[in-house]
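**Q** final_30.cif is the file, holding mmCIF, C-alpha atoms (C1' of nucleotides):
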```cif
data_coords
#
loop_
_atom_site.label_atom_id
_atom_site.label_comp_id
_atom_site.auth_asym_id
_atom_site.auth_seq_id
_atom_site.Cartn_x
_atom_site.Cartn_y
_atom_site.Cartn_z
CA MET Z 24 67.51 1.65 0.88
CA GLY Z 25 70.77 2.05 -0.98
CA GLN Z 26 73.74 3.91 0.40
CA GLY Z 27 73.71 6.31 -2.51
CA VAL Z 28 71.07 8.29 -0.61
CA GLU Z 29 73.38 8.99 2.30
CA TRP Z 30 76.25 9.91 -0.01
CA SER Z 31 74.08 12.17 -2.16
CA LEU Z 32 72.64 14.07 0.77
CA HIS Z 33 76.05 14.80 2.24
CA CYS Z 34 77.35 15.86 -1.16
CA CYS Z 35 74.40 18.19 -1.72
CA VAL Z 36 74.90 19.82 1.67
CA ASN Z 37 78.56 20.34 0.89
CA MET Z 38 77.82 21.76 -2.55
CA SER Z 39 75.37 24.20 -1.01
CA TRP Z 40 78.44 25.90 0.46
CA THR Z 41 80.49 26.16 -2.72
CA PRO Z 42 80.26 29.52 -4.52
CA ALA Z 43 77.70 29.66 -7.33
CA GLY Z 44 79.14 29.01 -10.77
CA GLU Z 45 82.02 26.96 -9.41
CA ALA Z 46 81.79 23.23 -10.03
CA VAL Z 47 83.50 20.61 -7.89
CA ASN Z 48 84.62 17.32 -9.39
CA SER Z 49 83.44 14.00 -8.06
CA SER Z 50 86.88 12.72 -7.10
CA ARG Z 51 87.26 15.55 -4.62
CA LEU Z 52 83.85 14.80 -3.13
CA ALA Z 53 84.74 11.14 -2.82
CA GLU Z 54 87.99 11.91 -1.00
CA LEU Z 55 86.05 13.70 1.71
CA TYR Z 56 84.60 10.47 3.08
CA GLN Z 57 86.88 7.91 1.41
CA LEU Z 58 84.15 6.76 -0.97
CA PRO Z 59 84.71 4.84 -4.23
CA ALA Z 60 85.02 7.68 -6.73
CA ALA Z 61 83.61 5.93 -9.79
CA TYR Z 62 80.55 4.70 -7.96
CA LEU Z 63 79.83 8.05 -6.36
CA ASN Z 64 80.07 9.58 -9.82
CA LYS Z 65 77.37 7.21 -10.97
CA GLN Z 66 75.04 8.31 -8.20
CA LEU Z 67 75.62 11.97 -8.97
CA GLN Z 68 74.66 11.28 -12.58
CA ALA Z 69 71.25 10.23 -11.34
CA LEU Z 70 70.92 13.56 -9.56
CA VAL Z 71 71.75 15.33 -12.81
CA ARG Z 72 69.07 13.38 -14.67
CA ALA Z 73 66.60 14.40 -11.96
CA GLY Z 74 67.46 18.07 -12.41
CA ILE Z 75 68.95 18.48 -8.94
CA LEU Z 76 72.55 18.91 -10.05
CA SER Z 77 74.06 20.35 -13.20
CA SER Z 78 77.34 19.08 -14.57
CA VAL Z 79 80.01 20.72 -16.68
CA SER Z 80 82.62 18.74 -18.58
CA GLY Z 81 86.26 19.46 -19.09
CA PRO Z 82 88.93 21.06 -16.92
CA ARG Z 83 87.59 23.05 -13.98
CA GLY Z 84 84.42 21.04 -14.51
CA GLY Z 85 82.38 19.00 -12.08
CA PHE Z 86 79.02 19.20 -10.36
CA GLN Z 87 77.01 21.94 -8.72
CA LEU Z 88 73.48 22.47 -7.48
CA ALA Z 89 71.08 23.21 -10.32
CA ARG Z 90 68.88 25.46 -8.15
CA PRO Z 91 69.07 27.16 -4.74
CA ALA Z 92 69.46 24.76 -1.82
CA GLU Z 93 66.24 26.13 -0.33
CA LYS Z 94 64.37 24.66 -3.30
CA ILE Z 95 65.85 21.15 -2.98
CA THR Z 96 64.01 18.93 -0.53
CA VAL Z 97 65.41 15.78 0.96
CA LEU Z 98 62.60 13.90 -0.75
CA ASP Z 99 63.82 15.15 -4.11
CA VAL Z 100 67.21 13.57 -3.52
CA VAL Z 101 65.79 10.31 -2.20
CA LEU Z 102 63.45 9.89 -5.16
CA ALA Z 103 66.23 10.71 -7.62
CA ILE Z 104 68.38 7.86 -6.26
CA GLU Z 105 65.78 5.28 -5.27
CA GLY Z 106 63.31 5.88 -8.06
CA PRO Z 107 59.68 7.00 -7.87
CA GLU Z 108 58.14 3.65 -6.99
CA PRO Z 109 56.98 3.28 -3.38
CA ALA Z 110 58.90 0.90 -1.12
CA PHE Z 111 55.73 -1.13 -0.62
CA ARG Z 112 54.53 -2.22 -4.03
CA CYS Z 113 51.04 -3.67 -3.92
CA GLU Z 114 50.97 -6.73 -6.13
CA SER Z 115 47.20 -6.82 -5.94
CA ILE Z 116 47.17 -10.41 -4.85
CA LEU Z 117 43.46 -10.03 -4.18
CA ALA Z 118 42.97 -10.10 -7.92
CA ASN Z 119 44.30 -13.67 -7.96
CA THR Z 120 41.48 -15.10 -5.88
CA PRO Z 121 39.51 -17.65 -7.92
CA GLY Z 122 36.25 -15.70 -7.83
CA ALA Z 123 37.62 -12.17 -8.06
CA ASP Z 124 36.23 -9.34 -10.14
CA PRO Z 125 38.84 -8.59 -12.83
CA GLY Z 126 37.52 -5.05 -13.21
CA GLU Z 127 38.26 -4.03 -9.64
CA ASP Z 128 41.02 -1.48 -9.00
CA TYR Z 129 42.60 -3.29 -6.07
CA LEU Z 130 45.35 -0.72 -5.76
CA ARG Z 131 42.73 1.70 -4.44
CA SER Z 132 40.15 -0.54 -2.85
CA CYS Z 133 42.48 -2.94 -1.00
CA LEU Z 134 42.62 -1.83 2.62
CA VAL Z 135 46.09 -3.27 3.15
CA SER Z 136 47.37 -1.28 0.23
CA GLN Z 137 45.70 1.85 1.56
CA THR Z 138 47.30 1.46 4.99
CA MET Z 139 50.80 1.00 3.64
CA ARG Z 140 50.34 3.86 1.21
CA GLN Z 141 49.21 6.15 3.99
CA ALA Z 142 52.33 5.39 6.02
CA GLU Z 143 54.56 5.99 3.05
CA LEU Z 144 52.80 9.30 2.50
CA ALA Z 145 53.66 10.38 6.04
CA TRP Z 146 57.26 9.39 5.36
CA ARG Z 147 57.40 11.42 2.18
CA GLN Z 148 55.77 14.44 3.75
CA THR Z 149 58.35 14.48 6.50
CA LEU Z 150 61.16 14.34 3.97
CA SER Z 151 59.58 16.96 1.72
CA ARG Z 152 59.52 19.46 4.59
CA GLN Z 153 63.30 19.30 5.03
CA THR Z 154 65.52 21.06 2.52
CA ILE Z 155 69.22 20.85 1.82
CA ALA Z 156 69.53 24.46 2.99
CA GLY Z 157 67.83 23.57 6.26
CA ILE Z 158 70.22 20.74 6.96
CA ALA Z 159 73.19 22.92 6.02
CA ALA Z 160 72.03 25.62 8.45
CA SER Z 161 71.66 23.09 11.25
CA VAL Z 162 75.13 21.73 10.61
CA GLU Z 163 76.61 25.23 10.76
CA ARG Z 164 74.82 25.93 14.01
CA LYS Z 165 75.86 22.64 15.58
CA PHE Z 166 79.39 22.44 14.21
CA PRO Z 167 80.74 25.97 13.69
CA GLY Z 168 83.69 26.00 11.36
CA SER Z 169 82.74 22.83 9.51
CA ARG Z 170 81.69 24.87 6.49
CA LYS Z 171 85.08 26.50 6.11
CA ASP Z 172 86.72 23.14 6.73
CA ILE Z 173 84.77 21.49 3.93
CA LEU Z 174 85.40 24.40 1.62
CA ARG Z 175 89.13 24.18 2.18
CA LYS Z 176 89.12 20.50 1.27
CA LEU Z 177 86.85 20.85 -1.74
CA MET Z 178 88.55 23.83 -3.42
CA PRO Z 179 92.08 24.14 -2.07
CA ALA Z 180 93.00 26.46 -4.95
CA ARG Z 181 90.68 29.16 -3.67
CA TYR Z 182 90.87 28.69 0.10
CA MET T 1 60.32 -4.11 0.83
CA GLY T 2 59.66 -7.79 0.35
CA GLN T 3 56.33 -9.17 -0.75
CA GLY T 4 56.07 -11.24 2.37
CA VAL T 5 54.66 -8.17 4.09
CA GLU T 6 51.67 -7.99 1.78
CA TRP T 7 51.03 -11.71 2.07
CA SER T 8 51.36 -11.70 5.85
CA LEU T 9 48.98 -8.81 6.34
CA HIS T 10 46.27 -10.41 4.22
CA CYS T 11 46.75 -13.71 6.01
CA CYS T 12 46.52 -12.08 9.43
CA VAL T 13 43.31 -10.30 8.46
CA ASN T 14 41.85 -13.57 7.26
CA MET T 15 42.91 -15.43 10.39
CA SER T 16 41.28 -12.76 12.53
CA TRP T 17 37.99 -14.19 11.22
CA THR T 18 38.66 -17.83 11.98
CA PRO T 19 37.22 -19.11 15.27
CA ALA T 20 39.65 -19.11 18.21
CA GLY T 21 41.38 -22.44 18.81
CA GLU T 22 41.00 -23.52 15.20
CA ALA T 23 44.20 -23.48 13.15
CA VAL T 24 44.31 -23.11 9.39
CA ASN T 25 47.10 -24.70 7.39
CA SER T 26 49.34 -22.69 5.11
CA SER T 27 48.37 -24.54 1.93
CA ARG T 28 44.81 -23.35 2.31
CA LEU T 29 45.96 -19.78 2.85
CA ALA T 30 48.17 -19.98 -0.21
CA GLU T 31 45.31 -21.24 -2.39
CA LEU T 32 43.35 -18.10 -1.59
CA TYR T 33 45.64 -15.90 -3.66
CA GLN T 34 47.51 -18.54 -5.71
CA LEU T 35 50.72 -18.01 -3.77
CA PRO T 36 53.66 -20.48 -3.61
CA ALA T 37 52.67 -22.56 -0.58
CA ALA T 38 56.14 -23.43 0.70
CA TYR T 39 57.33 -19.86 0.51
CA LEU T 40 54.29 -18.45 2.25
CA ASN T 41 54.88 -21.04 4.95
CA LYS T 42 58.32 -19.62 5.46
CA GLN T 43 57.00 -16.11 5.97
CA LEU T 44 54.45 -17.32 8.48
CA GLN T 45 57.27 -18.97 10.41
CA ALA T 46 58.79 -15.54 10.91
CA LEU T 47 55.49 -14.36 12.37
CA VAL T 48 55.57 -17.30 14.77
CA ARG T 49 59.09 -16.40 15.90
CA ALA T 50 57.89 -12.84 16.49
CA GLY T 51 55.06 -14.06 18.68
CA ILE T 52 52.31 -12.88 16.34
CA LEU T 53 51.14 -16.32 15.26
CA SER T 54 51.16 -19.67 17.00
CA SER T 55 51.53 -22.93 15.11
CA VAL T 56 50.38 -26.46 15.82
CA SER T 57 51.74 -29.51 14.01
CA GLY T 58 50.04 -32.65 12.89
CA PRO T 59 46.59 -33.31 11.47
CA ARG T 60 44.12 -30.44 12.03
CA GLY T 61 47.19 -28.28 12.59
CA GLY T 62 48.21 -24.99 11.07
CA PHE T 63 48.49 -21.35 12.12
CA GLN T 64 46.39 -18.97 14.17
CA LEU T 65 46.76 -15.55 15.77
CA ALA T 66 48.68 -15.72 19.03
CA ARG T 67 46.74 -12.80 20.55
CA PRO T 68 43.60 -10.77 19.81
CA ALA T 69 43.67 -8.94 16.49
CA GLU T 70 43.17 -5.66 18.34
CA LYS T 71 46.59 -6.15 19.92
CA ILE T 72 48.43 -6.77 16.64
CA THR T 73 49.54 -3.61 14.88
CA VAL T 74 50.53 -3.44 11.25
CA LEU T 75 53.98 -2.35 12.40
CA ASP T 76 54.34 -5.59 14.35
CA VAL T 77 53.82 -7.60 11.18
CA VAL T 78 56.13 -5.44 9.09
CA LEU T 79 58.96 -5.64 11.61
CA ALA T 80 58.52 -9.39 11.96
CA ILE T 81 59.06 -9.86 8.22
CA GLU T 82 61.52 -7.11 7.37
CA GLY T 83 63.52 -7.15 10.60
CA PRO T 84 64.05 -4.41 13.13
CA GLU T 85 66.74 -2.47 11.27
CA PRO T 86 65.59 0.82 9.74
CA ALA T 87 65.41 1.05 5.95
CA PHE T 88 67.92 3.88 6.01
CA ARG T 89 71.05 2.60 7.70
CA CYS T 90 73.48 5.38 8.50
CA GLU T 91 76.97 4.18 7.68
CA SER T 92 78.45 7.16 9.50
CA ILE T 93 80.57 8.13 6.55
CA LEU T 94 81.40 11.33 8.42
CA ALA T 95 83.66 9.21 10.59
CA ASN T 96 85.78 8.46 7.50
CA THR T 97 86.87 12.04 6.96
CA PRO T 98 90.64 12.31 7.39
CA GLY T 99 90.48 14.66 10.37
CA ALA T 100 87.43 13.25 12.12
CA ASP T 101 87.01 12.71 15.82
CA PRO T 102 86.82 8.93 16.35
CA GLY T 103 84.95 9.38 19.61
CA GLU T 104 81.96 11.14 18.03
CA ASP T 105 78.63 9.32 17.94
CA TYR T 106 77.74 10.20 14.35
CA LEU T 107 74.57 8.16 14.46
CA ARG T 108 73.12 10.84 16.75
CA SER T 109 74.98 13.98 15.79
CA CYS T 110 74.83 13.65 11.98
CA LEU T 111 72.01 15.85 10.75
CA VAL T 112 71.39 13.72 7.68
CA SER T 113 70.95 10.68 9.86
CA GLN T 114 68.60 12.60 12.13
CA THR T 115 66.43 13.71 9.23
CA MET T 116 66.06 10.24 7.77
CA ARG T 117 65.42 8.76 11.18
CA GLN T 118 62.70 11.30 11.86
CA ALA T 119 60.91 10.36 8.63
CA GLU T 120 61.14 6.69 9.42
CA LEU T 121 59.70 7.42 12.85
CA ALA T 122 56.65 9.05 11.23
CA TRP T 123 56.27 5.99 9.03
CA ARG T 124 56.39 3.63 11.97
CA GLN T 125 53.98 5.69 14.03
CA THR T 126 51.44 5.59 11.23
CA LEU T 127 51.74 1.83 10.98
CA SER T 128 51.63 1.32 14.74
CA ARG T 129 48.27 3.10 14.91
CA GLN T 130 46.63 0.58 12.57
CA THR T 131 45.73 -2.85 13.87
CA ILE T 132 44.76 -6.06 12.12
CA ALA T 133 41.34 -5.76 13.74
CA GLY T 134 40.96 -2.25 12.34
CA ILE T 135 41.72 -3.37 8.81
CA ALA T 136 39.39 -6.34 9.16
CA ALA T 137 36.57 -4.07 10.29
CA SER T 138 37.13 -1.73 7.33
CA VAL T 139 37.07 -4.65 4.94
CA GLU T 140 33.77 -5.88 6.38
CA ARG T 141 32.26 -2.42 6.09
CA LYS T 142 33.46 -1.93 2.52
CA PHE T 143 32.90 -5.46 1.23
CA PRO T 144 30.02 -7.03 3.14
CA GLY T 145 30.04 -10.79 2.83
CA SER T 146 33.74 -11.09 2.16
CA ARG T 147 34.26 -12.46 5.65
CA LYS T 148 31.89 -15.35 5.13
CA ASP T 149 33.37 -15.92 1.71
CA ILE T 150 36.88 -16.23 3.12
CA LEU T 151 35.68 -18.45 5.92
CA ARG T 152 34.03 -20.83 3.47
CA LYS T 153 37.27 -21.17 1.52
CA LEU T 154 39.52 -21.52 4.55
CA MET T 155 37.50 -24.09 6.50
CA PRO T 156 35.11 -25.84 4.11
CA ALA T 157 34.52 -28.63 6.67
CA ARG T 158 32.79 -26.24 9.05
CA TYR T 159 31.09 -23.82 6.65
"C1'" DA I 15 94.93 22.21 -33.47
"C1'" DA I 16 96.53 19.18 -29.95
"C1'" DT I 17 96.28 17.86 -25.31
"C1'" DT I 18 94.59 17.44 -20.95
"C1'" DT I 19 90.90 17.14 -17.81
"C1'" DT I 20 86.60 15.87 -16.60
"C1'" DC I 21 81.88 14.16 -17.13
"C1'" DC I 22 78.91 10.61 -19.40
"C1'" DG I 23 77.14 6.12 -20.48
"C1'" DG I 24 77.36 1.57 -20.93
"C1'" DA I 25 79.38 -3.17 -20.25
"C1'" DC I 26 81.13 -6.23 -17.04
"C1'" DA I 27 82.22 -8.70 -12.43
"C1'" DC I 28 81.10 -9.47 -7.72
"C1'" DG I 29 78.54 -10.14 -3.36
"C1'" DT I 30 74.48 -10.05 -0.85
"C1'" DA I 31 69.71 -10.57 -0.16
"C1'" DA I 32 65.19 -11.89 -1.76
"C1'" DT I 33 62.77 -15.67 -3.82
"C1'" DG I 34 61.52 -20.30 -4.39
"C1'" DT I 35 62.04 -25.50 -3.59
"C1'" DC I 36 63.06 -29.65 -1.11
"C1'" DT I 37 63.68 -33.02 2.47
"C1'" DG I 38 63.40 -34.19 7.22
"C1'" DA I 39 61.46 -33.70 12.01
"C1'" DA I 40 57.64 -33.35 15.09
"C1'" DA I 41 53.06 -33.95 16.54
"C1'" DA I 42 48.37 -35.65 16.58
"C1'" DG I 43 45.01 -39.08 15.46
"C1'" DT I 44 44.01 -43.97 14.49
"C1'" DA Y 28 53.23 -48.22 17.12
"C1'" DC Y 29 52.09 -46.48 12.64
"C1'" DT Y 30 50.50 -43.26 9.39
"C1'" DT Y 31 49.27 -38.87 8.05
"C1'" DT Y 32 49.60 -34.12 8.26
"C1'" DT Y 33 52.06 -30.18 8.97
"C1'" DC Y 34 55.75 -27.27 10.46
"C1'" DA Y 35 60.67 -26.24 10.22
"C1'" DG Y 36 65.14 -25.47 8.59
"C1'" DA Y 37 68.53 -26.39 4.89
"C1'" DC Y 38 69.38 -25.88 0.03
"C1'" DA Y 39 69.25 -23.90 -4.82
"C1'" DT Y 40 68.06 -20.05 -7.78
"C1'" DT Y 41 67.39 -15.54 -9.18
"C1'" DA Y 42 67.44 -10.52 -8.83
"C1'" DC Y 43 69.47 -6.43 -7.31
"C1'" DG Y 44 72.73 -3.40 -5.24
"C1'" DT Y 45 77.55 -2.52 -5.35
"C1'" DG Y 46 81.77 -1.61 -7.53
"C1'" DT Y 47 85.10 -1.42 -11.57
"C1'" DC Y 48 86.49 -0.40 -16.07
"C1'" DC Y 49 86.73 1.42 -20.58
"C1'" DG Y 50 85.61 4.27 -24.67
"C1'" DG Y 51 83.52 8.56 -26.02
"C1'" DA Y 52 82.23 13.58 -25.75
"C1'" DA Y 53 82.84 18.26 -24.19
"C1'" DA Y 54 85.47 22.18 -22.75
"C1'" DA Y 55 89.50 24.76 -21.40
"C1'" DT Y 56 94.45 25.29 -21.59
"C1'" DT Y 57 98.69 25.25 -24.28
#
```
Show me the file's structure as structure tokens.
**A**
Amino acid sequence: MGQGVEWSLHCCVNMSWTPAGEAVNSSRLAELYQLPAAYLNKQLQALVRAGILSSVSGPRGGFQLARPAEKITVLDVVLAIEGPEPAFRCESILANTPGADPGEDYLRSCLVSQTMRQAELAWRQTLSRQTIAGIAASVERKFPGSRKDILRKLMPARY
Amino acid sequence: MGQGVEWSLHCCVNMSWTPAGEAVNSSRLAELYQLPAAYLNKQLQALVRAGILSSVSGPRGGFQLARPAEKITVLDVVLAIEGPEPAFRCESILANTPGADPGEDYLRSCLVSQTMRQAELAWRQTLSRQTIAGIAASVERKFPGSRKDILRKLMPARY
DNA sequence: AATTTTCCGGACACGTAATGTCTGAAAAGT
DNA sequence: ACTTTTCAGACATTACGTGTCCGGAAAATT
């Protein structure tokens, strides 16, 4: 799994604290954790294409959440970065056996494929039950003051 | 996730049908699904190092399960091929914030890391509940005769 | 209208890991 | 002891993730 997932999740949590209608530019987000700005920007573009973030160009521009943080699941972010394909891709090697039935749908009938798919489903369900807002609330409970701290670093003009 | 996982699982299921004490060589296993023989051999080596398979050299040599198929979980095979590290590796980017506490254990305290780890735990638990013997039994129930078919192709001298 | 700021998208370079191949070492049977 | 069979590790090759850079478009300020 690429590191863009970790970066994106932290950025989304931070943006859930910025006031609505105010965008934050990617350079500022990158400074927070000393990340390569250009590369982080690229990852955020993927979130825009997925409809998770919205971007505005020009001065005072940047990124912001496209919908309330309660409506953004962790799975949404992961799929936006990693793509929709499952980690285990069944190549249907059973179809290559010399005497195999070419009409069979081995993606469904293969028991190995079913087992791996079931596990991946459990993984996705766990991630789909956690939202950005939920993580943000836990952070505030565990580290009081971190929200104001982030806000001061992200928008020093207003705080 | 590498394809070696898919290959290994199918091979383990097939070897759960071979008589105990009889090894099957990797070339024969590769023929079954038209896989590159040398590369499959390499993956099986990893299973040997993990204690899942045992190998014997020389004529009439090959691979066989090192313990009963009921004692081999799907997770065992996956970890042997993919390694023990989780798919999501937390880089603890929180530690890179300018005013961060260097003594913090961000792998535990970071909520993002916790969320991803929890999902991966669900994934592993699902896989650890499925055994090679369980898959083999499902295959026999769903495709009667496939076991004898495999056996005929793997050890034509005996069947 | 010009300029500045910022996002956007693609092209390019780099490093690492997965994939695939090859040759040698070890073991068993003759 | 020799030959055959097979595993085992080293070696090449390819694909992908990572990171950089540049030109273009959009929007606000001057």
**Q** Least-squares superpose chain T on chain Z across all ordered C-alpha pairs, then write out what you get as a short mmCIF file (atom, residue, chain, number, x, y, z; two decimals) with C-alpha atoms, in the frame of the given file.
**A**
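superposed25.cif, written as the output of this step:
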```
data_model
loop_
_atom_site.label_atom_id
_atom_site.label_comp_id
_atom_site.auth_asym_id
_atom_site.auth_seq_id
_atom_site.Cartn_x
_atom_site.Cartn_y
_atom_site.Cartn_z
CA MET T 1 67.49 1.66 0.75
CA GLY T 2 70.74 2.09 -1.10
CA GLN T 3 73.70 3.94 0.33
CA GLY T 4 73.68 6.35 -2.55
CA VAL T 5 71.06 8.32 -0.65
CA GLU T 6 73.37 9.00 2.27
CA TRP T 7 76.23 9.93 -0.02
CA SER T 8 74.08 12.20 -2.17
CA LEU T 9 72.64 14.09 0.77
CA HIS T 10 76.05 14.81 2.25
CA CYS T 11 77.35 15.88 -1.14
CA CYS T 12 74.41 18.21 -1.72
CA VAL T 13 74.91 19.82 1.68
CA ASN T 14 78.57 20.34 0.90
CA MET T 15 77.85 21.77 -2.54
CA SER T 16 75.39 24.21 -1.01
CA TRP T 17 78.48 25.89 0.47
CA THR T 18 80.51 26.16 -2.71
CA PRO T 19 80.29 29.51 -4.52
CA ALA T 20 77.73 29.65 -7.35
CA GLY T 21 79.18 29.00 -10.80
CA GLU T 22 82.07 26.96 -9.43
CA ALA T 23 81.83 23.22 -10.03
CA VAL T 24 83.52 20.61 -7.87
CA ASN T 25 84.63 17.32 -9.37
CA SER T 26 83.45 13.99 -8.03
CA SER T 27 86.91 12.73 -7.08
CA ARG T 28 87.27 15.55 -4.60
CA LEU T 29 83.87 14.80 -3.11
CA ALA T 30 84.75 11.13 -2.82
CA GLU T 31 88.01 11.90 -1.00
CA LEU T 32 86.04 13.67 1.72
CA TYR T 33 84.59 10.43 3.05
CA GLN T 34 86.88 7.87 1.37
CA LEU T 35 84.15 6.73 -1.00
CA PRO T 36 84.71 4.83 -4.29
CA ALA T 37 85.04 7.73 -6.74
CA ALA T 38 83.59 6.06 -9.83
CA TYR T 39 80.56 4.79 -7.98
CA LEU T 40 79.82 8.11 -6.34
CA ASN T 41 80.06 9.65 -9.79
CA LYS T 42 77.34 7.33 -10.94
CA GLN T 43 75.00 8.40 -8.17
CA LEU T 44 75.59 12.05 -8.93
CA GLN T 45 74.65 11.35 -12.54
CA ALA T 46 71.22 10.31 -11.32
CA LEU T 47 70.90 13.65 -9.55
CA VAL T 48 71.77 15.40 -12.80
CA ARG T 49 69.07 13.47 -14.67
CA ALA T 50 66.60 14.50 -11.97
CA GLY T 51 67.49 18.14 -12.42
CA ILE T 52 68.97 18.55 -8.95
CA LEU T 53 72.58 18.95 -10.05
CA SER T 54 74.13 20.33 -13.21
CA SER T 55 77.41 19.03 -14.58
CA VAL T 56 80.11 20.61 -16.70
CA SER T 57 82.79 18.61 -18.50
CA GLY T 58 86.41 19.36 -19.11
CA PRO T 59 89.06 21.02 -16.97
CA ARG T 60 87.63 23.03 -14.04
CA GLY T 61 84.48 20.96 -14.52
CA GLY T 62 82.44 18.96 -12.08
CA PHE T 63 79.06 19.19 -10.35
CA GLN T 64 77.05 21.94 -8.72
CA LEU T 65 73.51 22.49 -7.48
CA ALA T 66 71.12 23.24 -10.32
CA ARG T 67 68.93 25.48 -8.14
CA PRO T 68 69.09 27.18 -4.73
CA ALA T 69 69.47 24.79 -1.81
CA GLU T 70 66.25 26.16 -0.33
CA LYS T 71 64.39 24.70 -3.30
CA ILE T 72 65.85 21.20 -2.97
CA THR T 73 63.99 18.98 -0.54
CA VAL T 74 65.40 15.82 0.95
CA LEU T 75 62.58 13.94 -0.76
CA ASP T 76 63.80 15.20 -4.13
CA VAL T 77 67.19 13.62 -3.53
CA VAL T 78 65.77 10.36 -2.23
CA LEU T 79 63.42 9.94 -5.18
CA ALA T 80 66.20 10.77 -7.63
CA ILE T 81 68.33 7.92 -6.28
CA GLU T 82 65.74 5.33 -5.31
CA GLY T 83 63.24 5.99 -8.09
CA PRO T 84 59.64 7.08 -7.87
CA GLU T 85 58.10 3.70 -7.03
CA PRO T 86 56.94 3.31 -3.43
CA ALA T 87 58.86 0.91 -1.20
CA PHE T 88 55.71 -1.12 -0.68
CA ARG T 89 54.49 -2.24 -4.08
CA CYS T 90 51.02 -3.71 -3.93
CA GLU T 91 50.93 -6.76 -6.16
CA SER T 92 47.15 -6.87 -5.91
CA ILE T 93 47.14 -10.48 -4.85
CA LEU T 94 43.43 -10.08 -4.14
CA ALA T 95 42.93 -10.17 -7.89
CA ASN T 96 44.28 -13.74 -7.90
CA THR T 97 41.46 -15.17 -5.81
CA PRO T 98 39.51 -17.70 -7.86
CA GLY T 99 36.24 -15.77 -7.77
CA ALA T 100 37.59 -12.24 -8.00
CA ASP T 101 36.18 -9.43 -10.07
CA PRO T 102 38.78 -8.67 -12.77
CA GLY T 103 37.47 -5.14 -13.18
CA GLU T 104 38.22 -4.09 -9.59
CA ASP T 105 40.97 -1.55 -8.99
CA TYR T 106 42.59 -3.33 -6.05
CA LEU T 107 45.33 -0.76 -5.78
CA ARG T 108 42.71 1.65 -4.42
CA SER T 109 40.13 -0.59 -2.82
CA CYS T 110 42.47 -2.99 -0.96
CA LEU T 111 42.64 -1.87 2.64
CA VAL T 112 46.11 -3.30 3.16
CA SER T 113 47.38 -1.30 0.23
CA GLN T 114 45.70 1.82 1.57
CA THR T 115 47.30 1.42 4.98
CA MET T 116 50.81 0.98 3.63
CA ARG T 117 50.34 3.82 1.20
CA GLN T 118 49.20 6.12 3.98
CA ALA T 119 52.35 5.37 6.00
CA GLU T 120 54.56 5.99 3.02
CA LEU T 121 52.77 9.28 2.47
CA ALA T 122 53.66 10.36 6.03
CA TRP T 123 57.26 9.40 5.34
CA ARG T 124 57.39 11.43 2.17
CA GLN T 125 55.74 14.45 3.74
CA THR T 126 58.34 14.48 6.49
CA LEU T 127 61.14 14.36 3.96
CA SER T 128 59.56 16.98 1.71
CA ARG T 129 59.51 19.46 4.59
CA GLN T 130 63.29 19.31 5.01
CA THR T 131 65.51 21.09 2.52
CA ILE T 132 69.22 20.87 1.82
CA ALA T 133 69.52 24.47 2.99
CA GLY T 134 67.82 23.57 6.26
CA ILE T 135 70.22 20.74 6.96
CA ALA T 136 73.19 22.92 6.03
CA ALA T 137 72.04 25.61 8.45
CA SER T 138 71.66 23.05 11.26
CA VAL T 139 75.12 21.72 10.60
CA GLU T 140 76.61 25.22 10.78
CA ARG T 141 74.80 25.90 14.04
CA LYS T 142 75.86 22.60 15.60
CA PHE T 143 79.39 22.41 14.22
CA PRO T 144 80.71 25.94 13.70
CA GLY T 145 83.66 25.98 11.35
CA SER T 146 82.74 22.81 9.53
CA ARG T 147 81.68 24.84 6.52
CA LYS T 148 85.06 26.46 6.12
CA ASP T 149 86.71 23.13 6.75
CA ILE T 150 84.77 21.48 3.94
CA LEU T 151 85.41 24.39 1.63
CA ARG T 152 89.15 24.16 2.21
CA LYS T 153 89.13 20.48 1.28
CA LEU T 154 86.86 20.84 -1.74
CA MET T 155 88.55 23.82 -3.40
CA PRO T 156 92.09 24.14 -2.04
CA ALA T 157 93.04 26.48 -4.93
CA ARG T 158 90.69 29.17 -3.66
CA TYR T 159 90.87 28.67 0.11
#
```
**Q** Which residue out of T:Ser27, T:Gln3, T:Ser55, T:Gln64 has the minimum interatomic distance to chain Z when only C-alpha atoms are used?
**A**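 Looking only at the distances to chain Z, the closest residue turns out to be T:Gln3.
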**Q** Could you list, as a count of residues only, the residues of chain Z having an atom within 8 Å of chain T when counting only C-alpha atoms?
**A** 36
**Q** Near chain I, which residues of chain Z fall within 9 Å when you count all atoms listed in the file, and what do they look like as a ChimeraX atom specification?
**A** /Z:48,64,68,78-86
**Q** Edge lengths and centre, in Å to one decimal, as lines of an AutoDock Vina configuration file: that's what I need for the box along x, y and z that holds all listed atoms of range 38-42 of chain Y plus 6 Å on each side.
**A**
```
center_x = 68.4
center_y = -18.2
center_z = -4.6
size_x = 14.0
size_y = 27.4
size_z = 21.2
```
**Q** How many Å lie between CA of Ala137 in chain T and CA of Ala69 in chain T, rounded to one decimal?
**A**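 Distance reported for this atom pair: 10.6 Å.
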**Q** Compute the chain Y side of the contact with chain Z at 6 Å, counting all atoms listed in the file, and hand it back as a PDB file with C-alpha atoms (C1' of nucleotides), in the coordinates of the input.
**A**
```
ATOM      1  C1'  DA Y  53      82.840  18.260 -24.190  1.00  0.00           C
ATOM      2  C1'  DA Y  54      85.470  22.180 -22.750  1.00  0.00           C
ATOM      3  C1'  DA Y  55      89.500  24.760 -21.400  1.00  0.00           C
TER       4       DA Y  55
END
```
**Q** Can you tell me how far CA of Ser8 in chain T sits from CA of Leu44 in chain T, in Å to one decimal?
**A**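 Straight-line distance from CA of Ser8 in chain T to CA of Leu44 in chain T works out to 6.9 Å.
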